[in-house]
Every structure is written in structure tokens, then in C-alpha cells.
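Worksheet: the structure to be examined is printed underneath.
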Amino acid sequence: MFITAQFDSGNIEVIEANKASSIQLAIRQDNQSDFYQWFHFKLYGEPGVEHVMHITNAGQSAYPDGWKDYSALASYDRENWFRVPTEYNGKELVIRHTPDQESVYYAYFTPYSYERHQDLIQWAQQSIECQHVLLGPTLDGRDMNLLVIGEPADHKAKIWVTARQHPGETMAEWFMEGFLSRLLDDEDAAARKLLENNVFYVVPNMNPDGSVRGHLRTNAVGVNLNREWAEPSLEKSPEVFYVLNAMQETGVDFYLDVHGDEALPYNFLAGCEGVPSYSERNHALGEKFKQVLLSITPEFQVEYGYEVDKPGEANLTVASNAVSERFNCLAFTLEMPFKDNANLPDADFGWSANRSQQFGADVVSAIYAIGNNLRD
Ligand SMILES: [Zn+2]
């Protein structure tokens with residue numbers, strides 16, 4: 001038997017892997033950080049034999065509630081990922097799987113590889129509507145990519161969409177793939193109409209270093225980027241520093257920051273009710289956006305989500321709040337589940353890459369419904 005995580009976004013530490021019936025593993029912490037929860041590893045085992053994998057430090061991970069009613073993902077071909085029986089006893093996460101091939105990959109959620117990210121950027125820049133802007137280097141020397149979609153013009157509303165500040169939330173980049181496919185489809189009437197009055201500024205991956213390193217929540221130096229928006233720095237959080245500077249140049253009329261939530265089995269939006277500048281206008285626009293999204297897809301709901309901040313009590317280091325306050329615009333954090341949509345469960349796949357893509361495409365329709373009201 002052999003277990004390895006020495007590849008893009010790999011994360012596991014092998015404590016003991018001698019007996020298939022009792023494999024002892026641990027998840028590595030994000031570099032220079034206490035956060036951990038993302039795992040991704042490859043097992044060479046014995047087909048037809050049950051392998052029992054104990055993730056021994058699951059109980060002290062960043063979001064222990066994330067393990068309740070959670071099932072791990074497995075794949076033979078790294079394209080099709082399916083759920084496998086998983087239990088959580090309050091301390092350990094125990095994955096039981098009888099592989100029918102020699103080697104299997106396991107992960108917290110369907111991985112979104114750095115290769116695929118690069119392909120996405122190169123694909124997008126082929127579009128006549130898309131301009132690829134280099135924002136600057138990350139701390140590990142990767143490139144921060146911004147896609148500008150639509151011809152910039154002063155009268156057009158500026159819509160910013162960022163994803164994967166938390167690199168382990170890979171559903172956020174699957175979402176972006178669906179979102180961009182719809183927006184860059186030159187035979188899609190809503191997309192074409194949207195681009196008449198709006199320009200999109202899209203960052204499909206806010207945290208490429210953390211993604212490659214197999215982190216859950218932080219960048220190369222252990223910084224949680226979604227707490228850096230009050231005062232980002234080139235030393236600690238260049239990813240946010242570049243994006244906020246670019247926002248300052250363009251202005252922002254609507255901002256969507258795409259994430260995954262470990263614990264809640266629902267898709268939901270978290271608004272900026274707690275920012276000092278929160279207005280009736282932004283509230284009404286936000287409600288309309290939610291109503292439209294509800295009418296488009298049963299994957300969205302408004303019953304479950306985070307507690308709404310009281311007026312003036314927003315955390316202004318968080319991206320959506322910071323941007324809403326600075327630009328006096330409508331802004332949301334969009335959350336998708338790691339587990340499943342409990343309103344529409346799927347025992348074999350749970351919440352998936354495909355569903356994230358479809359949700360991203362549907363959000364384009366919802367933006368279309370408010371696209372002419374973002375500037376008044
Ligand atoms: Zn997140």
C-alpha cells in the first residue's frame with residue numbers, strides 16, 4: 001500500500017498505512033497557520049478489499065461541523081468524482097471504501113487544478129469580449145489574473161466577481177467556469193445584452209498559491225485573505241492589494257465574492273446589512289436579485305444562511321463588506337455547500353462540480369435581471 005499527496009493541491013500526512021483495515025492519516029495545517037480541513041491524496045491499494053482510512057485530527061480542524069453528514073469524494077480518473085461512505089465520531093473522520101481499481105484519489109471536494117485554472121484563463125482570453133490583465137505576482141511567484149469582459153466605458157456599470165479567496169473552496173472556481181462559459185457565449189442573448197450596459201471584472205482564483213499548496217483557507221504565508229480588505233499589503237496579502245487597487249481605478253457597482261461553506265448544506269447569499277453606508281436602495285436591489293435567483297433555480301434558497309449583521313456591526317476586513325462600504329454598492333458573499341443542497345439531495349454525488357457550474361451560469365441570468373438598475 002502507498003499513499004501520496006505530492007501533487008497539485010495534495011494534502012495528507014501518513015501516520016500509518018500497513019493494514020487496509022486501519023489506515024491512520026492526518027491533514028496538514030496551512031503553511032504558517034492553524035487552519036486545516038482540505039485533504040486530497042492518492043491511495044495505491046488492493047482492488048476488492050475494504051480500506052478504512054482514519055483522518056485522526058478531523059476533530060480539531062477549522063470547521064468540525066463540516067464533518068457532520070459529510071461524505072468524502074473519490075475518483076479513479078480524476079474527472080468523475082463520487083461520494084463514498086464516511087462517518088464522523090466527533091474526533092476522527094473515517095472513510096470506508098472498497099476500490100475496484102488499483103489506485104484511487106480522495107478529496108474534500110472535487111479538486112480544481114492549477115492546470116485547469118490556467119486553461120480557463122487562456123480559453124477566456126480568446127474571446128473578443130475578454131481582455132486578460134496581469135495584476136501582479138503572488139508570494140510564490142504565480143500570476144494573479146483578472147478578466148475584463150465587455151468594452152469598458154464610463155456609462156457602464158462595473159460588476160466585480162472574485163472567487164476562491166479560500167483555496168480549499170474549489171466549488172467557487174467550478175462556479176466561475178459556469179459563470180464565464182455563459183458570459184462569454186456569443187450566442188447567449190442575455191449575456192450579449194448584459195455587456196451593452198455592464199463591464200465584468202472577474203478574478204476566477206484569488207489565491208493560486210494556497211490552491212497549489214493544498215491549503216484550506218490561507219495564502220503562501222498563512223494569511224486569510226478574506227480578513228485583509230481593510231489594509232492589504234504587498235508583503236502579506238498582495239492578492240487583495242492588487243484587486244482593491246484595480247477596483248479603485250474602475251469603481252464598483254456590484255460585487256459578488258464566491259465561497260464554499262463547510263457546515264451549511266445550502267446555497268445562500270450573505271449581504272452587507274451591517275456596513276455603515278447600507279442603504280434602502282442597495283437593500284431593495286439585493287432583494288430583487290435574491291427573488292430573481294429563487295425563481296431561476298431551486299439550488300438557491302433564503303431560509304438558511306449566516307446571521308444578518310446588526311446595523312454598523314459589519315466586519316470591514318471582509319471583502320464584501322469592505323467593498324460595499326468603500327464604493328457604496330450592492331455586494332454579497334455567495335456560499336455553496338461542501339456537503340449537498342439539503343433541499344435537493346443527491347446521494348451519489350452531493351453538491352458537485354457540475355452543479356456549481358450550473359449555478360454560476362444561473363447567476364448570470366439573475367444579474368441580467370438587475371443589470372440595468374445597477375447605476376441610477
Ligand atoms: Zn470562504
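We label chains A, B, ... in the order they appear in the C-alpha cells, count residues from 1 in each chain, and number ligands from 1 in the order shown.
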Residue neighbourhood stretch 321-334 of chain A, 7 Å, only C-alpha atoms, exclusion window fewer than 4 positions, as an mmCIF file with N, CA, C and O atoms, in the first residue's frame:
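Produced file part-v4.cif, reproduced below:
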data_model
loop_
_atom_site.group_PDB
_atom_site.id
_atom_site.type_symbol
_atom_site.label_atom_id
_atom_site.label_comp_id
_atom_site.auth_asym_id
_atom_site.auth_seq_id
_atom_site.Cartn_x
_atom_site.Cartn_y
_atom_site.Cartn_z
ATOM 1 N N TRP A 229 -9.109 43.042 3.798
ATOM 2 C CA TRP A 229 -9.625 44.065 2.886
ATOM 3 C C TRP A 229 -9.649 45.470 3.467
ATOM 4 O O TRP A 229 -9.878 46.432 2.737
ATOM 5 N N ALA A 230 -9.364 45.603 4.770
ATOM 6 C CA ALA A 230 -9.260 46.957 5.330
ATOM 7 C C ALA A 230 -7.890 47.533 5.000
ATOM 8 O O ALA A 230 -7.771 48.700 4.627
ATOM 9 N N GLY A 251 -13.885 51.639 -10.162
ATOM 10 C CA GLY A 251 -15.127 51.794 -9.421
ATOM 11 C C GLY A 251 -15.856 50.456 -9.385
ATOM 12 O O GLY A 251 -15.520 49.541 -10.153
ATOM 13 N N VAL A 252 -16.823 50.310 -8.483
ATOM 14 C CA VAL A 252 -17.585 49.070 -8.358
ATOM 15 C C VAL A 252 -19.062 49.413 -8.161
ATOM 16 O O VAL A 252 -19.405 50.214 -7.290
ATOM 17 N N ASP A 253 -19.928 48.809 -8.974
ATOM 18 C CA ASP A 253 -21.384 48.998 -8.817
ATOM 19 C C ASP A 253 -22.065 47.754 -8.250
ATOM 20 O O ASP A 253 -23.167 47.846 -7.725
ATOM 21 N N PHE A 254 -21.434 46.608 -8.409
ATOM 22 C CA PHE A 254 -21.973 45.360 -7.841
ATOM 23 C C PHE A 254 -20.796 44.429 -7.638
ATOM 24 O O PHE A 254 -19.912 44.328 -8.502
ATOM 25 N N TYR A 255 -20.777 43.764 -6.463
ATOM 26 C CA TYR A 255 -19.665 42.869 -6.160
ATOM 27 C C TYR A 255 -20.195 41.555 -5.593
ATOM 28 O O TYR A 255 -21.042 41.541 -4.711
ATOM 29 N N LEU A 256 -19.669 40.476 -6.156
ATOM 30 C CA LEU A 256 -20.023 39.132 -5.711
ATOM 31 C C LEU A 256 -18.717 38.410 -5.382
ATOM 32 O O LEU A 256 -17.811 38.344 -6.227
ATOM 33 N N ASP A 257 -18.626 37.883 -4.162
ATOM 34 C CA ASP A 257 -17.426 37.158 -3.741
ATOM 35 C C ASP A 257 -17.836 35.708 -3.463
ATOM 36 O O ASP A 257 -18.650 35.458 -2.573
ATOM 37 N N VAL A 258 -17.286 34.775 -4.230
ATOM 38 C CA VAL A 258 -17.813 33.408 -4.261
ATOM 39 C C VAL A 258 -17.001 32.469 -3.359
ATOM 40 O O VAL A 258 -15.766 32.422 -3.451
ATOM 41 N N HIS A 259 -17.718 31.748 -2.496
ATOM 42 C CA HIS A 259 -17.105 30.876 -1.483
ATOM 43 C C HIS A 259 -17.828 29.532 -1.378
ATOM 44 O O HIS A 259 -18.855 29.307 -2.013
ATOM 45 N N PHE A 268 -26.460 29.982 -0.419
ATOM 46 C CA PHE A 268 -27.071 31.204 0.127
ATOM 47 C C PHE A 268 -26.200 32.419 -0.128
ATOM 48 O O PHE A 268 -25.024 32.303 -0.493
ATOM 49 N N LEU A 269 -26.817 33.582 0.057
ATOM 50 C CA LEU A 269 -26.100 34.848 -0.075
ATOM 51 C C LEU A 269 -25.998 35.495 1.296
ATOM 52 O O LEU A 269 -26.966 35.467 2.060
ATOM 53 N N ALA A 270 -24.841 36.073 1.607
ATOM 54 C CA ALA A 270 -24.686 36.858 2.826
ATOM 55 C C ALA A 270 -24.493 38.305 2.398
ATOM 56 O O ALA A 270 -23.586 38.606 1.610
ATOM 57 N N GLY A 271 -25.352 39.181 2.885
ATOM 58 C CA GLY A 271 -25.335 40.584 2.450
ATOM 59 C C GLY A 271 -24.499 41.467 3.350
ATOM 60 O O GLY A 271 -23.747 40.981 4.199
ATOM 61 N N CYS A 272 -24.630 42.775 3.143
ATOM 62 C CA CYS A 272 -23.789 43.735 3.855
ATOM 63 C C CYS A 272 -24.639 44.655 4.722
ATOM 64 O O CYS A 272 -24.390 45.862 4.811
ATOM 65 N N VAL A 275 -22.889 47.231 7.195
ATOM 66 C CA VAL A 275 -21.916 48.294 6.861
ATOM 67 C C VAL A 275 -22.556 49.660 7.096
ATOM 68 O O VAL A 275 -23.763 49.828 6.898
ATOM 69 N N PRO A 276 -21.752 50.651 7.539
ATOM 70 C CA PRO A 276 -22.318 51.974 7.870
ATOM 71 C C PRO A 276 -23.112 52.598 6.723
ATOM 72 O O PRO A 276 -24.110 53.266 6.962
ATOM 73 N N SER A 277 -22.695 52.362 5.467
ATOM 74 C CA SER A 277 -23.353 53.042 4.346
ATOM 75 C C SER A 277 -24.540 52.257 3.784
ATOM 76 O O SER A 277 -25.098 52.636 2.755
ATOM 77 N N ASN A 282 -29.686 49.897 -1.875
ATOM 78 C CA ASN A 282 -28.935 48.653 -2.009
ATOM 79 C C ASN A 282 -29.723 47.467 -1.466
ATOM 80 O O ASN A 282 -29.630 46.350 -1.978
ATOM 81 N N GLY A 286 -30.790 44.291 -3.716
ATOM 82 C CA GLY A 286 -30.361 42.977 -3.248
ATOM 83 C C GLY A 286 -31.534 42.013 -3.137
ATOM 84 O O GLY A 286 -31.424 40.833 -3.500
ATOM 85 N N ALA A 314 -20.811 45.388 10.913
ATOM 86 C CA ALA A 314 -20.141 44.549 9.924
ATOM 87 C C ALA A 314 -18.637 44.498 10.171
ATOM 88 O O ALA A 314 -18.046 45.480 10.618
ATOM 89 N N ASN A 315 -18.024 43.361 9.852
ATOM 90 C CA ASN A 315 -16.571 43.231 9.898
ATOM 91 C C ASN A 315 -16.016 43.792 8.590
ATOM 92 O O ASN A 315 -16.134 43.174 7.534
ATOM 93 N N LEU A 316 -15.392 44.970 8.681
ATOM 94 C CA LEU A 316 -14.960 45.670 7.463
ATOM 95 C C LEU A 316 -13.629 45.165 6.910
ATOM 96 O O LEU A 316 -13.085 45.724 5.965
ATOM 97 N N THR A 317 -13.104 44.069 7.490
ATOM 98 C CA THR A 317 -11.926 43.430 6.895
ATOM 99 C C THR A 317 -12.341 42.364 5.875
ATOM 100 O O THR A 317 -11.518 41.826 5.159
#
Hey, could you make a per-residue contact list for chain A against ligand 1 with 7 Å as the cut-off, showing the nearest pair of atoms and its distance in Å to one decimal, counting only C-alpha atoms and all ligand atoms, sorted by chain and number, as CSV?
residue,atom,partner,partner_atom_place_in_ligand_line,distance
A:Arg164,CA,ligand 1,1 (Zn),7.0
A:Gln165,CA,ligand 1,1 (Zn),6.5
A:His166,CA,ligand 1,1 (Zn),4.9
A:Glu169,CA,ligand 1,1 (Zn),6.3
A:His259,CA,ligand 1,1 (Zn),4.3
A:Gly260,CA,ligand 1,1 (Zn),5.3
A:Asp261,CA,ligand 1,1 (Zn),6.4
Just want the 6 Å neighbourhood of A:Val202, counted on only C-alpha atoms, with same-chain residues fewer than 2 positions away dropped. Output as an NGL selection string. :A and (146-147 or 160-162)
Mind dumping the selected residues with N, CA and C atoms as an mmCIF file, in the first residue's frame?
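Saved file part-v3.cif follows:
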data_model
loop_
_atom_site.group_PDB
_atom_site.id
_atom_site.type_symbol
_atom_site.label_atom_id
_atom_site.label_comp_id
_atom_site.auth_asym_id
_atom_site.auth_seq_id
_atom_site.Cartn_x
_atom_site.Cartn_y
_atom_site.Cartn_z
ATOM 1 N N LEU A 146 -6.773 38.798 -13.958
ATOM 2 C CA LEU A 146 -8.072 39.492 -13.998
ATOM 3 C C LEU A 146 -8.600 39.402 -15.425
ATOM 4 N N LEU A 147 -9.871 39.030 -15.555
ATOM 5 C CA LEU A 147 -10.504 39.004 -16.870
ATOM 6 C C LEU A 147 -11.485 40.166 -16.947
ATOM 7 N N TRP A 160 -17.931 43.408 -10.326
ATOM 8 C CA TRP A 160 -16.745 42.632 -9.934
ATOM 9 C C TRP A 160 -17.178 41.287 -9.346
ATOM 10 N N VAL A 161 -16.505 40.236 -9.790
ATOM 11 C CA VAL A 161 -16.768 38.903 -9.231
ATOM 12 C C VAL A 161 -15.420 38.258 -8.911
ATOM 13 N N THR A 162 -15.238 37.863 -7.659
ATOM 14 C CA THR A 162 -13.992 37.186 -7.256
ATOM 15 C C THR A 162 -14.357 35.829 -6.658
#
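Closest approach to A:Tyr242 among A:His283, A:Thr86, A:Lys156, A:Glu228: A:Glu228, based on only C-alpha atoms.
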For A:Asn372, work out the shell of residues within 9 Å, counting only C-alpha atoms and skipping chain neighbours fewer than 6 positions away, then give it as a list of chain:residue names. A:Ala157, A:Leu194, A:Asn197, A:Asn198
How would you write, as number ranges by chain, the set of residues in stretch 93-208 of chain A that DSSP gives as strand (DSSP E or B)? A: 93-97, 103-107, 130-137, 143-149, 157-163, 198-203
Take the selection from the previous step and output its residues with N, CA, C and O atoms, as a compact mmCIF listing (two decimals), in the first residue's frame.
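Produced file result.txt, reproduced below:
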# COMPACT_ATOMS: atom_id res chain seq x y z
N LEU A 93 -12.49 11.40 11.30
CA LEU A 93 -13.31 11.18 10.11
C LEU A 93 -12.88 9.83 9.56
O LEU A 93 -11.68 9.59 9.34
N VAL A 94 -13.83 8.93 9.36
CA VAL A 94 -13.49 7.58 8.91
C VAL A 94 -14.11 7.34 7.54
O VAL A 94 -15.34 7.36 7.39
N ILE A 95 -13.24 7.14 6.55
CA ILE A 95 -13.69 6.90 5.17
C ILE A 95 -13.54 5.40 4.90
O ILE A 95 -12.46 4.84 5.10
N ARG A 96 -14.63 4.77 4.47
CA ARG A 96 -14.58 3.34 4.14
C ARG A 96 -14.84 3.17 2.66
O ARG A 96 -15.89 3.58 2.16
N HIS A 97 -13.92 2.54 1.97
CA HIS A 97 -14.11 2.38 0.53
C HIS A 97 -13.44 1.09 0.06
O HIS A 97 -12.30 0.80 0.45
N SER A 103 -5.65 2.09 -7.97
CA SER A 103 -5.38 3.37 -7.30
C SER A 103 -6.60 4.28 -7.38
O SER A 103 -7.37 4.23 -8.35
N VAL A 104 -6.75 5.07 -6.34
CA VAL A 104 -7.91 5.96 -6.20
C VAL A 104 -7.45 7.29 -5.61
O VAL A 104 -6.55 7.32 -4.77
N TYR A 105 -8.08 8.37 -6.05
CA TYR A 105 -7.88 9.67 -5.42
C TYR A 105 -9.04 9.95 -4.47
O TYR A 105 -10.20 9.61 -4.78
N TYR A 106 -8.73 10.59 -3.35
CA TYR A 106 -9.76 11.04 -2.42
C TYR A 106 -9.57 12.53 -2.17
O TYR A 106 -8.43 13.01 -2.14
N ALA A 107 -10.66 13.24 -1.98
CA ALA A 107 -10.55 14.68 -1.71
C ALA A 107 -11.75 15.19 -0.91
O ALA A 107 -12.80 14.55 -0.86
N CYS A 130 -13.20 39.59 -24.21
CA CYS A 130 -12.40 39.43 -22.99
C CYS A 130 -10.98 39.95 -23.14
O CYS A 130 -10.30 39.68 -24.12
N GLN A 131 -10.57 40.69 -22.11
CA GLN A 131 -9.20 41.18 -22.05
C GLN A 131 -8.57 40.59 -20.80
O GLN A 131 -9.16 40.64 -19.72
N HIS A 132 -7.39 40.03 -20.95
CA HIS A 132 -6.71 39.38 -19.83
C HIS A 132 -5.68 40.36 -19.25
O HIS A 132 -4.75 40.76 -19.93
N VAL A 133 -5.86 40.71 -17.99
CA VAL A 133 -4.98 41.68 -17.35
C VAL A 133 -4.15 40.96 -16.28
O VAL A 133 -4.70 40.24 -15.44
N LEU A 134 -2.84 41.18 -16.31
CA LEU A 134 -1.96 40.66 -15.26
C LEU A 134 -1.97 41.66 -14.11
O LEU A 134 -1.61 42.82 -14.28
N LEU A 135 -2.37 41.20 -12.93
CA LEU A 135 -2.44 42.10 -11.78
C LEU A 135 -1.09 42.21 -11.08
O LEU A 135 -0.75 43.24 -10.53
N GLY A 136 -0.32 41.11 -11.09
CA GLY A 136 0.97 41.12 -10.41
C GLY A 136 1.29 39.73 -9.90
O GLY A 136 0.48 38.81 -10.02
N PRO A 137 2.49 39.57 -9.32
CA PRO A 137 2.89 38.25 -8.84
C PRO A 137 2.41 37.97 -7.42
O PRO A 137 2.29 38.87 -6.59
N ASP A 143 1.04 34.16 -11.20
CA ASP A 143 0.40 35.37 -11.71
C ASP A 143 -1.04 35.48 -11.23
O ASP A 143 -1.77 34.50 -11.22
N MET A 144 -1.41 36.69 -10.83
CA MET A 144 -2.79 36.99 -10.47
C MET A 144 -3.50 37.46 -11.72
O MET A 144 -3.10 38.45 -12.34
N ASN A 145 -4.57 36.76 -12.12
CA ASN A 145 -5.25 37.03 -13.37
C ASN A 145 -6.58 37.73 -13.18
O ASN A 145 -7.40 37.30 -12.37
N LEU A 146 -6.77 38.80 -13.96
CA LEU A 146 -8.07 39.49 -14.00
C LEU A 146 -8.60 39.40 -15.42
O LEU A 146 -7.86 39.64 -16.38
N LEU A 147 -9.87 39.03 -15.56
CA LEU A 147 -10.50 39.00 -16.87
C LEU A 147 -11.48 40.17 -16.95
O LEU A 147 -12.38 40.29 -16.10
N VAL A 148 -11.29 41.04 -17.92
CA VAL A 148 -12.20 42.17 -18.13
C VAL A 148 -13.11 41.79 -19.30
O VAL A 148 -12.62 41.54 -20.41
N ILE A 149 -14.40 41.73 -19.04
CA ILE A 149 -15.32 41.23 -20.06
C ILE A 149 -16.32 42.31 -20.43
O ILE A 149 -17.03 42.84 -19.57
N ALA A 157 -22.10 50.02 -15.94
CA ALA A 157 -21.92 49.58 -14.55
C ALA A 157 -20.74 48.63 -14.48
O ALA A 157 -20.50 47.83 -15.40
N LYS A 158 -20.00 48.70 -13.36
CA LYS A 158 -18.83 47.85 -13.16
C LYS A 158 -19.19 46.73 -12.19
O LYS A 158 -19.48 46.99 -11.02
N ILE A 159 -19.17 45.51 -12.70
CA ILE A 159 -19.53 44.35 -11.88
C ILE A 159 -18.27 43.54 -11.59
O ILE A 159 -17.62 43.05 -12.53
N TRP A 160 -17.93 43.41 -10.33
CA TRP A 160 -16.74 42.63 -9.93
C TRP A 160 -17.18 41.29 -9.35
O TRP A 160 -18.10 41.24 -8.52
N VAL A 161 -16.50 40.24 -9.79
CA VAL A 161 -16.77 38.90 -9.23
C VAL A 161 -15.42 38.26 -8.91
O VAL A 161 -14.56 38.15 -9.79
N THR A 162 -15.24 37.86 -7.66
CA THR A 162 -13.99 37.19 -7.26
C THR A 162 -14.36 35.83 -6.66
O THR A 162 -15.45 35.65 -6.13
N ALA A 163 -13.43 34.88 -6.76
CA ALA A 163 -13.70 33.55 -6.24
C ALA A 163 -12.46 32.94 -5.61
O ALA A 163 -11.33 33.28 -5.98
N ASN A 198 -22.94 46.86 -19.08
CA ASN A 198 -22.12 46.47 -17.94
C ASN A 198 -20.75 45.95 -18.40
O ASN A 198 -20.64 45.37 -19.48
N VAL A 199 -19.77 46.15 -17.55
CA VAL A 199 -18.46 45.53 -17.76
C VAL A 199 -18.19 44.63 -16.55
O VAL A 199 -18.44 45.03 -15.41
N PHE A 200 -17.73 43.42 -16.83
CA PHE A 200 -17.42 42.47 -15.75
C PHE A 200 -15.92 42.42 -15.51
O PHE A 200 -15.13 42.34 -16.46
N TYR A 201 -15.55 42.44 -14.24
CA TYR A 201 -14.15 42.28 -13.83
C TYR A 201 -14.12 41.01 -12.98
O TYR A 201 -14.68 40.99 -11.88
N VAL A 202 -13.49 39.97 -13.52
CA VAL A 202 -13.61 38.65 -12.93
C VAL A 202 -12.24 38.11 -12.51
O VAL A 202 -11.31 38.05 -13.32
N VAL A 203 -12.13 37.72 -11.25
CA VAL A 203 -10.90 37.06 -10.76
C VAL A 203 -11.31 35.62 -10.38
O VAL A 203 -11.86 35.39 -9.30
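Shortest separation to A:Lys290 among A:Ala124, A:Ala369, A:Leu234, A:Leu183 occurs at residue A:Ala369, atoms counted being only C-alpha atoms.
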Distance query A:Pro337 at most 12 Å, only C-alpha atoms, self and fewer than 6 positions along chain excluded, as a PyMOL selection string: chain A and resi 66+69-70+108-109+169-172+175+258-269+299-300+304-305+343+345+350-353+355-356+359
Can those selected residues be exported to a file as a short mmCIF file (atom, residue, chain, number, x, y, z; two decimals), in the first residue's frame so that it contains N, CA, C and O atoms?
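For reference, out-v2.cif as written:
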data_model
loop_
_atom_site.label_atom_id
_atom_site.label_comp_id
_atom_site.auth_asym_id
_atom_site.auth_seq_id
_atom_site.Cartn_x
_atom_site.Cartn_y
_atom_site.Cartn_z
N GLY A 66 -18.32 20.78 9.80
CA GLY A 66 -18.27 20.41 8.39
C GLY A 66 -18.26 18.90 8.17
O GLY A 66 -18.60 18.42 7.10
N ASP A 69 -22.62 14.67 8.72
CA ASP A 69 -23.39 14.39 7.50
C ASP A 69 -22.59 14.67 6.23
O ASP A 69 -23.15 15.05 5.20
N TYR A 70 -21.29 14.53 6.33
CA TYR A 70 -20.42 14.77 5.17
C TYR A 70 -19.94 13.44 4.61
O TYR A 70 -19.68 12.49 5.36
N TYR A 108 -11.54 16.36 -0.30
CA TYR A 108 -12.60 17.01 0.49
C TYR A 108 -13.73 17.46 -0.42
O TYR A 108 -14.90 17.35 -0.10
N PHE A 109 -13.37 18.00 -1.59
CA PHE A 109 -14.34 18.34 -2.62
C PHE A 109 -13.64 18.15 -3.96
O PHE A 109 -12.41 18.05 -4.00
N GLU A 169 -11.95 25.97 -1.08
CA GLU A 169 -13.35 26.06 -1.55
C GLU A 169 -13.37 25.98 -3.07
O GLU A 169 -13.68 26.94 -3.78
N THR A 170 -13.03 24.81 -3.57
CA THR A 170 -12.85 24.65 -5.02
C THR A 170 -14.16 24.83 -5.80
O THR A 170 -14.14 25.17 -6.98
N MET A 171 -15.31 24.62 -5.12
CA MET A 171 -16.59 24.82 -5.81
C MET A 171 -16.70 26.24 -6.34
O MET A 171 -17.40 26.49 -7.32
N ALA A 172 -15.98 27.17 -5.69
CA ALA A 172 -16.04 28.57 -6.12
C ALA A 172 -15.44 28.74 -7.52
O ALA A 172 -15.93 29.54 -8.33
N PHE A 175 -17.80 27.15 -10.04
CA PHE A 175 -18.85 28.15 -10.27
C PHE A 175 -18.40 29.15 -11.34
O PHE A 175 -19.13 29.47 -12.28
N VAL A 258 -17.29 34.78 -4.23
CA VAL A 258 -17.81 33.41 -4.26
C VAL A 258 -17.00 32.47 -3.36
O VAL A 258 -15.77 32.42 -3.45
N HIS A 259 -17.72 31.75 -2.50
CA HIS A 259 -17.11 30.88 -1.48
C HIS A 259 -17.83 29.53 -1.38
O HIS A 259 -18.86 29.31 -2.01
N GLY A 260 -17.29 28.68 -0.49
CA GLY A 260 -17.97 27.46 -0.08
C GLY A 260 -18.07 27.44 1.43
O GLY A 260 -17.17 27.93 2.11
N ASP A 261 -19.16 26.92 1.96
CA ASP A 261 -19.30 26.82 3.41
C ASP A 261 -19.22 25.36 3.85
O ASP A 261 -19.93 24.50 3.32
N GLU A 262 -18.34 25.11 4.83
CA GLU A 262 -18.08 23.75 5.28
C GLU A 262 -19.30 23.12 5.94
O GLU A 262 -19.54 21.91 5.78
N ALA A 263 -20.05 23.89 6.70
CA ALA A 263 -21.08 23.30 7.56
C ALA A 263 -22.49 23.29 6.95
O ALA A 263 -23.18 22.27 7.04
N LEU A 264 -22.93 24.40 6.38
CA LEU A 264 -24.34 24.50 5.96
C LEU A 264 -24.60 23.81 4.62
O LEU A 264 -23.93 24.09 3.64
N PRO A 265 -25.60 22.92 4.57
CA PRO A 265 -25.88 22.20 3.32
C PRO A 265 -26.85 22.97 2.41
O PRO A 265 -27.89 22.44 2.01
N TYR A 266 -26.51 24.20 2.10
CA TYR A 266 -27.37 25.05 1.26
C TYR A 266 -26.52 26.05 0.48
O TYR A 266 -25.41 26.38 0.90
N ASN A 267 -27.11 26.56 -0.61
CA ASN A 267 -26.56 27.74 -1.28
C ASN A 267 -27.24 28.96 -0.71
O ASN A 267 -28.46 28.97 -0.54
N PHE A 268 -26.46 29.98 -0.42
CA PHE A 268 -27.07 31.20 0.13
C PHE A 268 -26.20 32.42 -0.13
O PHE A 268 -25.02 32.30 -0.49
N LEU A 269 -26.82 33.58 0.06
CA LEU A 269 -26.10 34.85 -0.07
C LEU A 269 -26.00 35.50 1.30
O LEU A 269 -26.97 35.47 2.06
N GLU A 299 -31.76 25.45 -6.62
CA GLU A 299 -30.50 25.29 -5.88
C GLU A 299 -30.30 26.45 -4.89
O GLU A 299 -29.51 26.35 -3.97
N PHE A 300 -31.02 27.55 -5.11
CA PHE A 300 -30.87 28.71 -4.23
C PHE A 300 -32.02 28.76 -3.24
O PHE A 300 -33.12 28.30 -3.53
N TYR A 304 -31.95 29.50 5.01
CA TYR A 304 -30.77 29.19 5.82
C TYR A 304 -29.58 30.01 5.34
O TYR A 304 -29.38 30.19 4.13
N GLY A 305 -28.79 30.49 6.30
CA GLY A 305 -27.60 31.28 5.95
C GLY A 305 -26.97 31.80 7.22
O GLY A 305 -27.23 31.29 8.30
N ASN A 343 -32.15 20.70 0.26
CA ASN A 343 -33.48 20.81 -0.37
C ASN A 343 -33.61 19.92 -1.60
O ASN A 343 -34.70 19.73 -2.13
N PRO A 345 -31.31 16.77 -2.31
CA PRO A 345 -30.11 15.94 -2.10
C PRO A 345 -29.86 14.92 -3.22
O PRO A 345 -30.79 14.47 -3.88
N GLY A 350 -23.80 14.34 -4.18
CA GLY A 350 -23.89 15.51 -3.31
C GLY A 350 -23.80 16.78 -4.11
O GLY A 350 -24.08 16.80 -5.32
N TRP A 351 -23.41 17.87 -3.45
CA TRP A 351 -23.11 19.09 -4.21
C TRP A 351 -21.88 18.78 -5.05
O TRP A 351 -20.95 18.10 -4.60
N SER A 352 -21.83 19.23 -6.27
CA SER A 352 -20.79 18.75 -7.19
C SER A 352 -20.22 19.87 -8.04
O SER A 352 -20.74 21.00 -8.05
N ALA A 353 -19.19 19.53 -8.79
CA ALA A 353 -18.60 20.48 -9.73
C ALA A 353 -19.64 20.90 -10.77
O ALA A 353 -19.77 22.08 -11.09
N ARG A 355 -22.92 20.91 -10.59
CA ARG A 355 -23.97 21.76 -10.02
C ARG A 355 -23.43 23.16 -9.74
O ARG A 355 -24.14 24.16 -9.89
N SER A 356 -22.17 23.25 -9.35
CA SER A 356 -21.56 24.56 -9.12
C SER A 356 -21.49 25.34 -10.43
O SER A 356 -21.77 26.55 -10.47
N PHE A 359 -24.93 26.54 -11.38
CA PHE A 359 -25.32 27.65 -10.51
C PHE A 359 -24.64 28.95 -10.98
O PHE A 359 -25.26 30.02 -11.01
#
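When only C-alpha atoms are used to measure the gap to A:Val212, the shortest distance among A:Tyr114, A:Ala74, A:Trp81, A:Gln358 belongs to A:Tyr114.
Candidate residues A:Met206, A:Asp8, A:Ala62, A:Val14 were compared for distance to A:Phe241, and the nearest is A:Met206, using only C-alpha atoms.
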Go through A:His117, A:Glu307, A:Val221, A:Ile370 and flag the residue nearest A:Lys288, using only C-alpha atoms for the distances.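 Using only C-alpha atoms, A:Lys288 sits closest to A:Ile370.
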